[in-house]
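S.K.: Below is the file protein-v2.cif, with mmCIF, C-alpha atoms.
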```
data_structure
#
loop_
_atom_site.label_atom_id
_atom_site.label_comp_id
_atom_site.auth_asym_id
_atom_site.auth_seq_id
_atom_site.Cartn_x
_atom_site.Cartn_y
_atom_site.Cartn_z
CA MET A 464 -21.73 3.90 132.08
CA ASP A 465 -25.19 3.18 133.43
CA ALA A 466 -26.12 6.75 132.49
CA VAL A 467 -25.11 6.25 128.85
CA GLN A 468 -27.85 5.27 126.42
CA THR A 469 -27.63 1.86 124.77
CA PRO A 470 -26.46 2.19 121.13
CA ILE A 471 -29.53 1.94 118.94
CA ILE A 472 -27.90 0.45 115.83
CA PRO A 473 -27.07 -2.93 117.47
CA THR A 474 -30.53 -2.99 119.05
CA VAL A 475 -32.28 -2.56 115.71
CA ALA A 476 -29.81 -4.97 114.08
CA ALA A 477 -30.91 -7.65 116.56
CA LEU A 478 -34.53 -7.02 115.56
CA ILE A 479 -33.58 -7.41 111.90
CA ARG A 480 -31.77 -10.70 112.56
CA ALA A 481 -34.83 -12.00 114.39
CA ASN A 482 -37.02 -11.12 111.39
CA PRO A 483 -35.32 -12.46 108.23
CA GLY A 484 -36.10 -10.60 105.04
CA THR A 485 -36.32 -7.23 106.73
CA ILE A 486 -35.03 -4.32 104.63
CA SER A 487 -32.98 -1.95 106.75
CA LEU A 488 -33.45 1.79 106.31
CA GLY A 489 -31.53 2.17 109.55
CA GLN A 490 -27.75 2.39 109.62
CA GLY A 491 -26.18 5.39 107.91
CA VAL A 492 -23.63 4.01 105.48
CA ALA A 493 -23.06 4.41 101.76
CA TYR A 494 -23.91 1.54 99.41
CA TYR A 495 -20.49 1.56 97.73
CA GLY A 496 -16.92 0.72 98.73
CA PRO A 497 -13.59 2.52 98.27
CA PRO A 498 -12.11 3.50 94.89
CA GLN A 499 -9.69 1.05 93.33
CA GLU A 500 -6.89 3.57 93.87
CA ALA A 501 -7.33 3.14 97.62
CA VAL A 502 -6.91 -0.62 97.34
CA ASP A 503 -3.98 -0.25 94.93
CA ASN A 504 -2.10 1.96 97.40
CA ILE A 505 -2.00 -0.88 99.92
CA GLY A 506 0.88 -2.21 97.81
CA ALA A 507 2.95 0.76 98.91
CA PHE A 508 2.16 -0.11 102.52
CA LEU A 509 3.20 -3.74 102.07
CA ALA A 510 6.41 -2.82 100.25
CA ASP A 511 8.03 -1.47 103.42
CA PRO A 512 8.28 -3.75 106.50
CA GLU A 513 8.59 -0.64 108.66
CA ASN A 514 4.94 0.05 108.00
CA HIS A 515 3.97 -2.81 110.31
CA LYS A 516 5.22 -0.74 113.24
CA TYR A 517 3.62 2.21 115.00
CA LYS A 518 3.62 5.45 113.06
CA PRO A 519 3.20 9.07 114.22
CA VAL A 520 0.21 9.54 116.49
CA HIS A 521 -1.21 12.37 114.37
CA GLY A 522 -0.87 10.54 111.02
CA ILE A 523 1.60 9.54 108.31
CA PRO A 524 3.16 12.52 106.47
CA GLN A 525 1.78 11.69 103.04
CA LEU A 526 -1.80 11.56 104.36
CA ILE A 527 -1.37 14.78 106.35
CA ASP A 528 -0.15 16.45 103.15
CA ALA A 529 -3.10 15.12 101.14
CA ILE A 530 -5.59 16.28 103.79
CA THR A 531 -3.94 19.70 104.06
CA ALA A 532 -4.23 20.20 100.30
CA LYS A 533 -7.86 19.04 100.31
CA LEU A 534 -8.80 21.38 103.17
CA ALA A 535 -7.30 24.37 101.38
CA ALA A 536 -8.85 23.57 98.01
CA GLU A 537 -12.33 22.49 99.11
CA ASN A 538 -13.02 23.89 102.57
CA GLY A 539 -11.06 27.14 102.56
CA ILE A 540 -9.23 25.98 105.70
CA ARG A 541 -5.52 26.78 105.85
CA ALA A 542 -4.28 24.15 108.26
CA ALA A 543 -0.94 25.90 108.73
CA ASP A 544 -2.51 29.14 109.97
CA GLY A 545 -2.76 28.42 113.68
CA SER A 546 -4.27 24.97 113.18
CA ALA A 547 -3.10 21.37 113.20
CA VAL A 548 -4.39 18.22 111.46
CA VAL A 549 -4.77 14.92 113.30
CA VAL A 550 -5.75 11.68 111.55
CA THR A 551 -8.17 9.64 113.66
CA ALA A 552 -9.99 6.31 113.54
CA GLY A 553 -13.16 7.86 112.18
CA ALA A 554 -14.96 11.06 113.11
CA ASN A 555 -16.32 9.53 116.33
CA LEU A 556 -12.82 9.28 117.76
CA ALA A 557 -12.13 12.80 116.52
CA PHE A 558 -15.12 14.00 118.54
CA ALA A 559 -13.94 12.12 121.64
CA ASN A 560 -10.46 13.62 121.22
CA ALA A 561 -11.92 17.10 120.99
CA LEU A 562 -14.22 16.61 123.94
CA LEU A 563 -11.54 15.29 126.27
CA ALA A 564 -9.13 18.03 125.20
CA VAL A 565 -11.42 20.96 126.01
CA THR A 566 -13.60 19.83 128.93
CA GLY A 567 -13.34 18.80 132.53
CA VAL A 568 -15.75 16.77 134.63
CA GLY A 569 -18.92 18.77 135.25
CA ASP A 570 -18.50 21.08 132.26
CA GLU A 571 -21.35 21.63 129.81
CA VAL A 572 -21.51 20.97 126.07
CA ILE A 573 -24.33 22.35 123.94
CA LEU A 574 -25.86 19.95 121.41
CA GLN A 575 -28.58 20.78 118.90
CA THR A 576 -31.71 18.63 119.05
CA PRO A 577 -31.97 16.37 117.18
CA TYR A 578 -28.40 15.40 118.04
CA TYR A 579 -26.17 12.58 116.80
CA PHE A 580 -26.53 9.94 119.50
CA ASN A 581 -22.81 9.08 119.71
CA HIS A 582 -22.07 12.73 120.50
CA GLU A 583 -24.51 12.69 123.40
CA MET A 584 -23.07 9.39 124.61
CA ALA A 585 -19.49 10.71 124.47
CA VAL A 586 -20.37 13.83 126.46
CA THR A 587 -21.96 11.68 129.15
CA MET A 588 -18.96 9.31 129.21
CA ALA A 589 -16.65 12.29 129.72
CA GLY A 590 -18.52 13.23 132.89
CA CYS A 591 -19.91 16.37 131.29
CA ARG A 592 -23.47 17.65 131.15
CA VAL A 593 -25.36 17.69 127.87
CA VAL A 594 -27.27 20.92 127.31
CA THR A 595 -29.72 20.60 124.43
CA VAL A 596 -31.06 23.40 122.27
CA ASP A 597 -34.01 22.67 120.00
CA THR A 598 -33.65 23.45 116.32
CA ASP A 599 -36.60 25.08 114.54
CA ALA A 600 -39.46 23.34 112.71
CA HIS A 601 -37.14 22.81 109.71
CA TYR A 602 -34.31 21.47 111.92
CA GLN A 603 -32.28 24.64 111.40
CA LEU A 604 -30.07 26.32 114.01
CA ARG A 605 -31.46 28.88 116.47
CA PRO A 606 -28.43 31.02 117.43
CA ASP A 607 -30.42 33.14 119.89
CA ALA A 608 -31.49 30.01 121.77
CA ILE A 609 -27.88 28.81 121.81
CA ARG A 610 -26.81 32.13 123.31
CA ARG A 611 -29.42 31.76 126.08
CA ALA A 612 -28.16 28.24 126.87
CA ILE A 613 -24.59 29.38 127.60
CA THR A 614 -23.55 29.31 131.27
CA PRO A 615 -20.21 29.75 133.04
CA ARG A 616 -19.71 25.95 132.73
CA THR A 617 -20.19 25.84 128.95
CA ARG A 618 -17.07 24.75 127.09
CA ALA A 619 -18.25 23.97 123.55
CA VAL A 620 -21.11 24.24 121.06
CA VAL A 621 -21.54 21.33 118.65
CA THR A 622 -23.04 21.59 115.17
CA ILE A 623 -23.40 18.96 112.43
CA SER A 624 -23.89 20.02 108.82
CA PRO A 625 -25.07 18.34 106.66
CA ASN A 626 -26.97 16.89 109.58
CA ASN A 627 -27.36 13.43 110.99
CA PRO A 628 -30.19 12.59 111.69
CA SER A 629 -32.33 15.27 110.01
CA GLY A 630 -30.63 15.75 106.64
CA ALA A 631 -30.75 19.52 107.20
CA VAL A 632 -27.96 21.67 105.80
CA TYR A 633 -27.22 24.62 108.07
CA GLY A 634 -26.96 27.96 106.32
CA GLU A 635 -23.64 29.78 106.14
CA ALA A 636 -25.08 32.79 107.97
CA SER A 637 -26.23 30.78 110.98
CA LEU A 638 -22.94 28.87 111.20
CA ARG A 639 -21.05 32.15 111.09
CA GLU A 640 -23.29 33.47 113.85
CA VAL A 641 -22.67 30.45 116.06
CA ASN A 642 -18.94 30.64 115.41
CA ALA A 643 -18.88 34.33 116.35
CA LEU A 644 -20.90 33.54 119.47
CA CYS A 645 -18.31 30.96 120.51
CA ARG A 646 -15.49 33.41 119.93
CA GLU A 647 -17.30 36.08 121.96
CA HIS A 648 -17.80 33.75 124.94
CA GLY A 649 -14.45 31.95 124.80
CA LEU A 650 -16.00 28.64 123.71
CA TYR A 651 -15.00 26.02 121.17
CA HIS A 652 -17.15 25.52 118.09
CA ILE A 653 -17.02 21.80 117.21
CA ASN A 654 -18.43 21.29 113.70
CA ASP A 655 -18.94 17.78 112.33
CA GLU A 656 -18.63 17.73 108.52
CA ALA A 657 -18.74 13.98 107.83
CA TYR A 658 -21.43 14.45 105.15
CA GLU A 659 -19.83 17.44 103.44
CA TYR A 660 -20.17 15.97 99.93
CA PHE A 661 -23.83 15.02 100.27
CA THR A 662 -25.92 18.09 99.42
CA TYR A 663 -28.82 18.42 96.99
CA GLY A 664 -30.58 21.10 95.01
CA ASP A 665 -29.47 24.60 95.92
CA ALA A 666 -27.96 23.58 99.28
CA TRP A 667 -24.21 23.86 99.79
CA HIS A 668 -21.78 22.92 102.52
CA PHE A 669 -19.92 25.59 104.49
CA SER A 670 -16.95 25.04 106.81
CA PRO A 671 -16.83 27.45 109.79
CA GLY A 672 -13.10 26.74 110.05
CA SER A 673 -12.66 28.87 106.93
CA ILE A 674 -13.83 32.03 108.70
CA PRO A 675 -10.96 34.50 109.22
CA GLY A 676 -9.92 34.46 112.86
CA ALA A 677 -11.74 31.16 113.58
CA ALA A 678 -8.68 28.91 113.84
CA GLY A 679 -8.16 29.53 117.56
CA HIS A 680 -11.59 28.30 118.67
CA THR A 681 -12.90 26.08 115.87
CA ILE A 682 -12.58 22.28 115.75
CA SER A 683 -13.60 20.71 112.42
CA LEU A 684 -14.31 16.97 112.14
CA PHE A 685 -14.21 15.02 108.89
CA SER A 686 -14.54 11.40 107.78
CA LEU A 687 -13.83 9.21 104.76
CA SER A 688 -16.48 6.70 105.88
CA LYS A 689 -19.35 8.07 103.80
CA ALA A 690 -17.83 9.85 100.82
CA TYR A 691 -15.28 7.14 99.99
CA GLY A 692 -17.12 4.04 101.21
CA PHE A 693 -14.54 3.72 103.98
CA ALA A 694 -16.79 2.86 106.94
CA SER A 695 -14.88 -0.20 108.16
CA TRP A 696 -11.46 1.26 107.34
CA ARG A 697 -11.84 3.75 110.21
CA ILE A 698 -10.23 6.90 108.88
CA GLY A 699 -11.30 10.40 109.84
CA TYR A 700 -9.44 13.57 110.68
CA MET A 701 -9.77 16.73 112.68
CA VAL A 702 -8.54 20.28 112.32
CA ILE A 703 -7.81 21.76 115.74
CA PRO A 704 -6.36 24.95 117.20
CA ALA A 705 -2.59 24.49 117.34
CA ASP A 706 -2.53 24.96 121.10
CA LEU A 707 -4.70 21.83 121.54
CA PHE A 708 -2.30 19.60 119.62
CA GLN A 709 -0.37 18.36 122.66
CA ALA A 710 -3.58 17.53 124.54
CA VAL A 711 -5.06 15.68 121.57
CA GLU A 712 -1.84 13.72 121.09
CA LYS A 713 -1.99 12.60 124.71
CA ILE A 714 -5.56 11.45 124.30
CA GLN A 715 -5.10 9.65 121.00
CA ASP A 716 -1.85 8.02 122.09
CA THR A 717 -3.74 6.60 125.07
CA LEU A 718 -6.89 5.48 123.25
CA LEU A 719 -5.49 4.43 119.89
CA ILE A 720 -1.79 5.32 119.37
CA CYS A 721 -2.30 5.91 115.65
CA ALA A 722 -5.03 5.26 113.11
CA PRO A 723 -4.53 1.92 111.29
CA VAL A 724 -1.54 2.55 109.04
CA ILE A 725 -2.76 0.29 106.25
CA SER A 726 -5.99 2.32 106.20
CA GLN A 727 -4.01 5.54 106.11
CA PHE A 728 -2.21 4.36 102.96
CA ALA A 729 -5.56 3.48 101.43
CA ALA A 730 -6.84 6.95 102.36
CA VAL A 731 -3.95 8.55 100.46
CA GLY A 732 -5.10 6.65 97.37
CA ALA A 733 -8.73 7.70 97.92
CA LEU A 734 -7.91 11.37 98.36
CA GLY A 735 -5.85 11.20 95.19
CA VAL A 736 -9.09 10.44 93.33
CA GLY A 737 -10.89 13.21 95.18
CA ARG A 738 -14.54 14.17 95.53
CA ASP A 739 -15.34 13.23 91.94
CA TYR A 740 -15.50 9.64 93.16
CA CYS A 741 -18.29 10.49 95.59
CA ARG A 742 -20.02 12.68 93.02
CA ALA A 743 -20.22 9.79 90.55
CA LYS A 744 -21.44 7.31 93.14
CA SER A 745 -24.02 9.68 94.59
CA VAL A 746 -25.99 9.75 91.33
CA SER A 747 -27.70 6.60 92.57
CA ILE A 748 -28.29 8.14 96.01
CA VAL A 749 -29.89 11.19 94.40
CA ALA A 750 -32.27 8.93 92.47
CA VAL A 751 -33.17 7.00 95.62
CA ARG A 752 -33.71 10.26 97.52
CA GLU A 753 -36.21 11.43 94.93
CA GLN A 754 -38.09 8.15 95.19
CA VAL A 755 -38.12 8.35 98.99
CA LEU A 756 -39.46 11.90 99.00
CA GLU A 757 -42.09 11.01 96.41
CA GLU A 758 -43.30 8.01 98.42
CA VAL A 759 -43.50 9.81 101.76
CA ALA A 760 -45.26 12.75 100.13
CA GLY A 761 -48.16 10.36 99.64
CA ILE A 762 -48.67 10.04 103.41
CA ALA A 763 -48.53 13.74 104.26
CA ASP A 764 -51.67 13.20 106.31
CA LEU A 765 -49.75 10.82 108.58
CA CYS A 766 -46.39 12.55 108.93
CA GLU A 767 -44.36 15.66 108.17
CA VAL A 768 -41.04 15.57 106.33
CA PRO A 769 -39.12 18.84 106.80
CA ALA A 770 -36.65 19.67 104.03
CA ALA A 771 -33.75 17.24 103.98
CA GLU A 772 -31.19 18.75 101.62
CA GLY A 773 -28.10 16.89 102.80
CA ALA A 774 -26.60 13.62 104.06
CA PHE A 775 -28.85 10.64 103.19
CA TYR A 776 -31.55 10.86 105.81
CA VAL A 777 -35.09 12.06 106.22
CA LEU A 778 -36.54 12.52 109.68
CA LEU A 779 -40.26 11.84 109.74
CA ARG A 780 -42.46 13.57 112.30
CA VAL A 781 -45.27 11.01 112.65
CA HIS A 782 -48.75 12.07 113.79
CA THR A 783 -49.33 9.40 116.40
CA HIS A 784 -49.29 8.81 120.13
CA ILE A 785 -47.51 5.50 119.61
CA ASP A 786 -44.05 5.41 121.20
CA ALA A 787 -41.32 5.62 118.55
CA MET A 788 -39.55 2.40 119.58
CA THR A 789 -42.85 0.53 119.68
CA LEU A 790 -43.57 1.74 116.17
CA VAL A 791 -40.10 0.66 115.01
CA GLU A 792 -40.63 -2.84 116.45
CA ARG A 793 -44.02 -3.20 114.76
CA LEU A 794 -42.66 -2.02 111.41
CA VAL A 795 -39.95 -4.69 111.57
CA ARG A 796 -42.17 -7.53 112.72
CA GLU A 797 -45.28 -6.78 110.69
CA PHE A 798 -43.92 -5.11 107.54
CA GLY A 799 -40.27 -6.15 107.24
CA VAL A 800 -38.70 -2.69 107.27
CA ALA A 801 -36.38 -1.16 109.85
CA VAL A 802 -35.86 2.51 110.74
CA ILE A 803 -34.38 4.29 113.77
CA PRO A 804 -36.52 5.85 116.54
CA GLY A 805 -36.15 9.56 117.12
CA THR A 806 -35.81 9.10 120.87
CA THR A 807 -32.20 8.08 120.40
CA PHE A 808 -31.56 11.53 118.88
CA GLY A 809 -33.13 13.34 121.83
CA LEU A 810 -36.58 13.77 120.29
CA THR A 811 -38.96 12.93 123.11
CA ASP A 812 -41.86 15.30 122.40
CA GLY A 813 -43.48 13.15 119.74
CA CYS A 814 -42.91 10.21 117.43
CA TYR A 815 -40.00 10.63 115.01
CA LEU A 816 -38.38 8.10 112.67
CA ARG A 817 -35.03 8.46 110.92
CA VAL A 818 -34.99 6.91 107.47
CA SER A 819 -31.59 6.25 105.87
CA TYR A 820 -31.51 5.71 102.11
CA GLY A 821 -27.78 5.67 101.31
CA ALA A 822 -26.93 2.04 101.97
CA LEU A 823 -29.11 0.26 99.44
CA THR A 824 -29.48 -0.14 95.70
CA GLU A 825 -32.31 1.86 94.17
CA GLU A 826 -34.57 -1.17 93.74
CA THR A 827 -34.14 -2.36 97.34
CA ALA A 828 -34.45 1.12 98.82
CA VAL A 829 -37.68 1.76 96.93
CA GLU A 830 -39.11 -1.55 98.13
CA GLY A 831 -38.07 -0.63 101.68
CA ILE A 832 -39.72 2.78 101.60
CA ARG A 833 -42.90 1.28 100.14
CA ARG A 834 -43.01 -1.18 103.02
CA LEU A 835 -42.55 1.75 105.40
CA VAL A 836 -45.38 3.72 103.79
CA LYS A 837 -47.64 0.66 103.85
CA GLY A 838 -46.78 0.06 107.50
CA LEU A 839 -47.45 3.63 108.55
CA ARG A 840 -50.77 3.62 106.68
CA SER A 841 -51.76 0.44 108.45
CA ILE A 842 -50.51 1.19 111.96
CA VAL A 843 -50.83 4.96 112.23
CA GLY A 844 -53.67 5.43 109.75
CA ALA A 845 -55.76 2.78 111.44
CA GLY A 846 -55.20 4.45 114.80
CA GLN A 847 -56.35 7.80 113.44
CA THR A 848 -59.55 6.41 111.95
CA GLY A 849 -60.37 4.21 114.91
CA ILE A 850 -60.22 1.03 112.84
#
```
Output the structure of this file as structure tokens.
M.R.:
Amino acid sequence: MDAVQTPIIPTVAALIRANPGTISLGQGVAYYGPPQEAVDNIGAFLADPENHKYKPVHGIPQLIDAITAKLAAENGIRAADGSAVVVTAGANLAFANALLAVTGVGDEVILQTPYYFNHEMAVTMAGCRVVTVDTDAHYQLRPDAIRRAITPRTRAVVTISPNNPSGAVYGEASLREVNALCREHGLYHINDEAYEYFTYGDAWHFSPGSIPGAAGHTISLFSLSKAYGFASWRIGYMVIPADLFQAVEKIQDTLLICAPVISQFAAVGALGVGRDYCRAKSVSIVAVREQVLEEVAGIADLCEVPAAEGAFYVLLRVHTHIDAMTLVERLVREFGVAVIPGTTFGLTDGCYLRVSYGALTEETAVEGIRRLVKGLRSIVGAGQTGI
């Protein structure tokens, strides 16, 4: 555990608590909660005393059915065609399940830089070696570089689209290429799709699990945390090759037994509403995103903002020699705004800041981004001019 990085969110949260009035553009959560239908379905849970007991490790039947229908209708994934669905306590547990099912100690897992820090942490915890492959200047996949990173110890390639932390949406062609590469080399393609509903402009989300012939080597991870405001309810799910089902059941039975049953009932209610719920709520997020991009465009001399067409993040590439964590600390203490340092996402060749704009109302988010812009002008701009 000494080799595992310290989670950054609690670290920044402690800074925020020590500096009252700070606006957090840090943690990646949605500003809204679950639909009323999710809450209403808790009555069905309470109506049967048997629901207070353990339920099937892989999920209650009615939720499995709802997920299976959703996957077919929205993702083009036929869960019955050589695949299995497992309900998990969020997508993080789904990733841990997948990792433990397909690797052994000393194996290698390829992550794209910038990576999601909990993925890197999980690989290290599993006794595996993280192999990083840099994305391009727009945070897009580089399939040729992934191919060169494969060794006899490689067991899986991980992709996240829409991406945390960059907000990039990987193109269908590149995801197909990575998936074919995994099939060619006998590897698993683990694709995290937690932000599937959050795309903007002409960008669209593509599920590699929908590719014909992909079921045997593709692991797809999903979550209700963002789209349905379900962060604390801890419900995610994974689509896995059928021959991994027994291994995943062993792992989940050991770590969790089953996802919280009351939350599973709520999830049935949420999925009954469907993606229209997220679409209606995201109108506010779209407005905030436009404000964020407009504000940071005004400091183009201080930082670059590659296209962020998905999730609710922008990843600033700041033109400074100041260490990212030092810059984060100064922004909190001097300007009352919190962001996340890029170092936690594997970005060590410069100063990067992840800005999250999904958790706040439009008014608060705009005030937060203006504080950030003011802070960067003062700290970074002053350093550039020698003031």
S.K.: At what distance in Å, to one decimal, does CA of Val802 in chain A lie from CA of Ala477 in chain A?
M.R.: 12.7 Å
S.K.: Determine, counting only C-alpha atoms, which protein, DNA and RNA residues have an atom within 12 Å of an atom of Val596 in chain A; residues of the same chain fewer than 2 positions away are not included. Present the result as a VMD selection string.
M.R.: chain A and resid 572 to 578 593 to 594 598 to 599 602 to 613 620 to 622 809 to 810
S.K.: Measure the distance from CA of Phe669 in chain A to CA of Val492 in chain A in Å and round it to one decimal.
M.R.: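 Computed distance, CA of Phe669 in chain A to CA of Val492 in chain A, equals 21.9 Å.
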S.K.: Counting all atoms listed in the file, which residue out of A:Ile523, A:Val702, A:Ala510, A:Cys766 sits closest to Ala543 in chain A?
M.R.: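 Of the candidates, the smallest distance to Ala543 in chain A is held by A:Val702.
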S.K.: Hey, can you check how far CA of Ala750 in chain A sits from CA of Glu537 in chain A?
M.R.: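 Going from CA of Ala750 in chain A over to CA of Glu537 in chain A, I get 25.0 Å.
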S.K.: Would you list the residues near (-17.1, -0.7, 104.2) (no more than 9 Å away, in the coordinates of the file, using only C-alpha atoms) as a ChimeraX atom specification?
M.R.: /A:492-497,688,692-696
S.K.: Return as number ranges by chain the set of residues that the PyMOL selection byres ((chain A and resi 711) around 10) yields on the displayed structure.
M.R.: A: 520-521, 549, 557, 559-565, 703, 706-710, 712-717
S.K.: How would you write, as number ranges by chain, the residues chosen by the PyMOL selection byres ((chain A and resi 642) around 12) on this structure?
M.R.: A: 606, 609-610, 619-622, 635-641, 643-654, 670-683
S.K.: So, counting all atoms listed in the file, which residue among A:Ser726, A:Thr827, A:Gln754, A:Thr469 is closest to Asn504 in chain A?
M.R.: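 Smallest distance to Asn504 in chain A is found for A:Ser726.
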S.K.: Mind checking which residues fall within 10 Å of Gly732 in chain A, counting only C-alpha atoms, ignoring those fewer than 4 positions away in the same chain, and posting them as a ChimeraX atom specification?
M.R.: /A:497-505,526,529,726-728,736-737
S.K.: With all atoms listed in the file as the counted atoms, please give the residues lying no more than 12 Å from Tyr660 in chain A, apart from itself and same-chain residues fewer than 5 positions off, as a PyMOL selection string.
M.R.: chain A and resi 537-538+624-626+632+666-670+685-691+737-745+748+772-775
S.K.: Nearest to Gln490 in chain A among A:Gly761, A:Gly569, A:Pro473, A:Gly634, with distances taken over only C-alpha atoms: which residue is it?
M.R.: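 Nearest candidate to Gln490 in chain A out of A:Gly761, A:Gly569, A:Pro473, A:Gly634: A:Pro473.
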S.K.: Write out as a list in words each polymer residue whose atoms come within 7 Å of Ser819 in chain A, counting all atoms listed in the file; drop sequence neighbours fewer than 5 positions from it.
M.R.: Leu488, Gly489, Gln490, Gly491, Phe775, Tyr776 and Val777 of chain A
S.K.: Using only C-alpha atoms, can you tell me which of A:Ile785, A:Val724, A:Val768, A:Val475 comes closest to Pro524 in chain A?
M.R.: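 Distance minimum relative to Pro524 in chain A lands on A:Val724.
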S.K.: Evaluate the PyMOL selection byres ((chain A and resi 752) around 12) on the structure here and hand back the selected residues as an MDAnalysis selection string.
M.R.: chainID A and resid 630 661:664 745:751 753:759 770:777 818:825 828:829 832
S.K.: Have range 635-653 of chain A completed to N, CA and C atoms, please, and pass it along as a PDB file, keeping the file's coordinate frame.
M.R.:
```pdb
ATOM      1  N   GLU A 635     -24.924  29.133 105.826  1.00  0.00           N
ATOM      2  CA  GLU A 635     -23.640  29.780 106.140  1.00  0.00           C
ATOM      3  C   GLU A 635     -23.821  30.883 107.177  1.00  0.00           C
ATOM      4  N   ALA A 636     -24.878  31.669 107.048  1.00  0.00           N
ATOM      5  CA  ALA A 636     -25.080  32.790 107.970  1.00  0.00           C
ATOM      6  C   ALA A 636     -25.240  32.317 109.404  1.00  0.00           C
ATOM      7  N   SER A 637     -26.012  31.258 109.609  1.00  0.00           N
ATOM      8  CA  SER A 637     -26.230  30.780 110.980  1.00  0.00           C
ATOM      9  C   SER A 637     -24.975  30.132 111.548  1.00  0.00           C
ATOM     10  N   LEU A 638     -24.201  29.442 110.715  1.00  0.00           N
ATOM     11  CA  LEU A 638     -22.940  28.870 111.200  1.00  0.00           C
ATOM     12  C   LEU A 638     -21.945  29.961 111.549  1.00  0.00           C
ATOM     13  N   ARG A 639     -21.918  31.007 110.760  1.00  0.00           N
ATOM     14  CA  ARG A 639     -21.050  32.150 111.090  1.00  0.00           C
ATOM     15  C   ARG A 639     -21.482  32.777 112.415  1.00  0.00           C
ATOM     16  N   GLU A 640     -22.790  32.866 112.626  1.00  0.00           N
ATOM     17  CA  GLU A 640     -23.290  33.470 113.850  1.00  0.00           C
ATOM     18  C   GLU A 640     -22.916  32.637 115.073  1.00  0.00           C
ATOM     19  N   VAL A 641     -23.050  31.331 114.961  1.00  0.00           N
ATOM     20  CA  VAL A 641     -22.670  30.450 116.060  1.00  0.00           C
ATOM     21  C   VAL A 641     -21.170  30.535 116.324  1.00  0.00           C
ATOM     22  N   ASN A 642     -20.391  30.565 115.249  1.00  0.00           N
ATOM     23  CA  ASN A 642     -18.940  30.640 115.410  1.00  0.00           C
ATOM     24  C   ASN A 642     -18.530  31.936 116.098  1.00  0.00           C
ATOM     25  N   ALA A 643     -19.170  33.045 115.712  1.00  0.00           N
ATOM     26  CA  ALA A 643     -18.880  34.330 116.350  1.00  0.00           C
ATOM     27  C   ALA A 643     -19.307  34.323 117.816  1.00  0.00           C
ATOM     28  N   LEU A 644     -20.417  33.666 118.100  1.00  0.00           N
ATOM     29  CA  LEU A 644     -20.900  33.540 119.470  1.00  0.00           C
ATOM     30  C   LEU A 644     -19.885  32.792 120.328  1.00  0.00           C
ATOM     31  N   CYS A 645     -19.323  31.730 119.777  1.00  0.00           N
ATOM     32  CA  CYS A 645     -18.310  30.960 120.510  1.00  0.00           C
ATOM     33  C   CYS A 645     -17.068  31.808 120.760  1.00  0.00           C
ATOM     34  N   ARG A 646     -16.656  32.542 119.763  1.00  0.00           N
ATOM     35  CA  ARG A 646     -15.490  33.410 119.930  1.00  0.00           C
ATOM     36  C   ARG A 646     -15.750  34.468 121.005  1.00  0.00           C
ATOM     37  N   GLU A 647     -16.935  35.045 120.994  1.00  0.00           N
ATOM     38  CA  GLU A 647     -17.300  36.080 121.960  1.00  0.00           C
ATOM     39  C   GLU A 647     -17.261  35.559 123.390  1.00  0.00           C
ATOM     40  N   HIS A 648     -17.692  34.309 123.582  1.00  0.00           N
ATOM     41  CA  HIS A 648     -17.800  33.750 124.940  1.00  0.00           C
ATOM     42  C   HIS A 648     -16.619  32.860 125.315  1.00  0.00           C
ATOM     43  N   GLY A 649     -15.608  32.782 124.471  1.00  0.00           N
ATOM     44  CA  GLY A 649     -14.450  31.950 124.800  1.00  0.00           C
ATOM     45  C   GLY A 649     -14.753  30.470 124.762  1.00  0.00           C
ATOM     46  N   LEU A 650     -15.614  30.049 123.834  1.00  0.00           N
ATOM     47  CA  LEU A 650     -16.000  28.640 123.710  1.00  0.00           C
ATOM     48  C   LEU A 650     -15.407  28.040 122.435  1.00  0.00           C
ATOM     49  N   TYR A 651     -15.400  26.712 122.388  1.00  0.00           N
ATOM     50  CA  TYR A 651     -15.000  26.020 121.170  1.00  0.00           C
ATOM     51  C   TYR A 651     -16.236  25.701 120.327  1.00  0.00           C
ATOM     52  N   HIS A 652     -16.106  25.916 119.040  1.00  0.00           N
ATOM     53  CA  HIS A 652     -17.150  25.520 118.090  1.00  0.00           C
ATOM     54  C   HIS A 652     -16.678  24.229 117.446  1.00  0.00           C
ATOM     55  N   ILE A 653     -17.338  23.105 117.783  1.00  0.00           N
ATOM     56  CA  ILE A 653     -17.020  21.800 117.210  1.00  0.00           C
ATOM     57  C   ILE A 653     -18.022  21.534 116.097  1.00  0.00           C
TER      58      ILE A 653
END
```
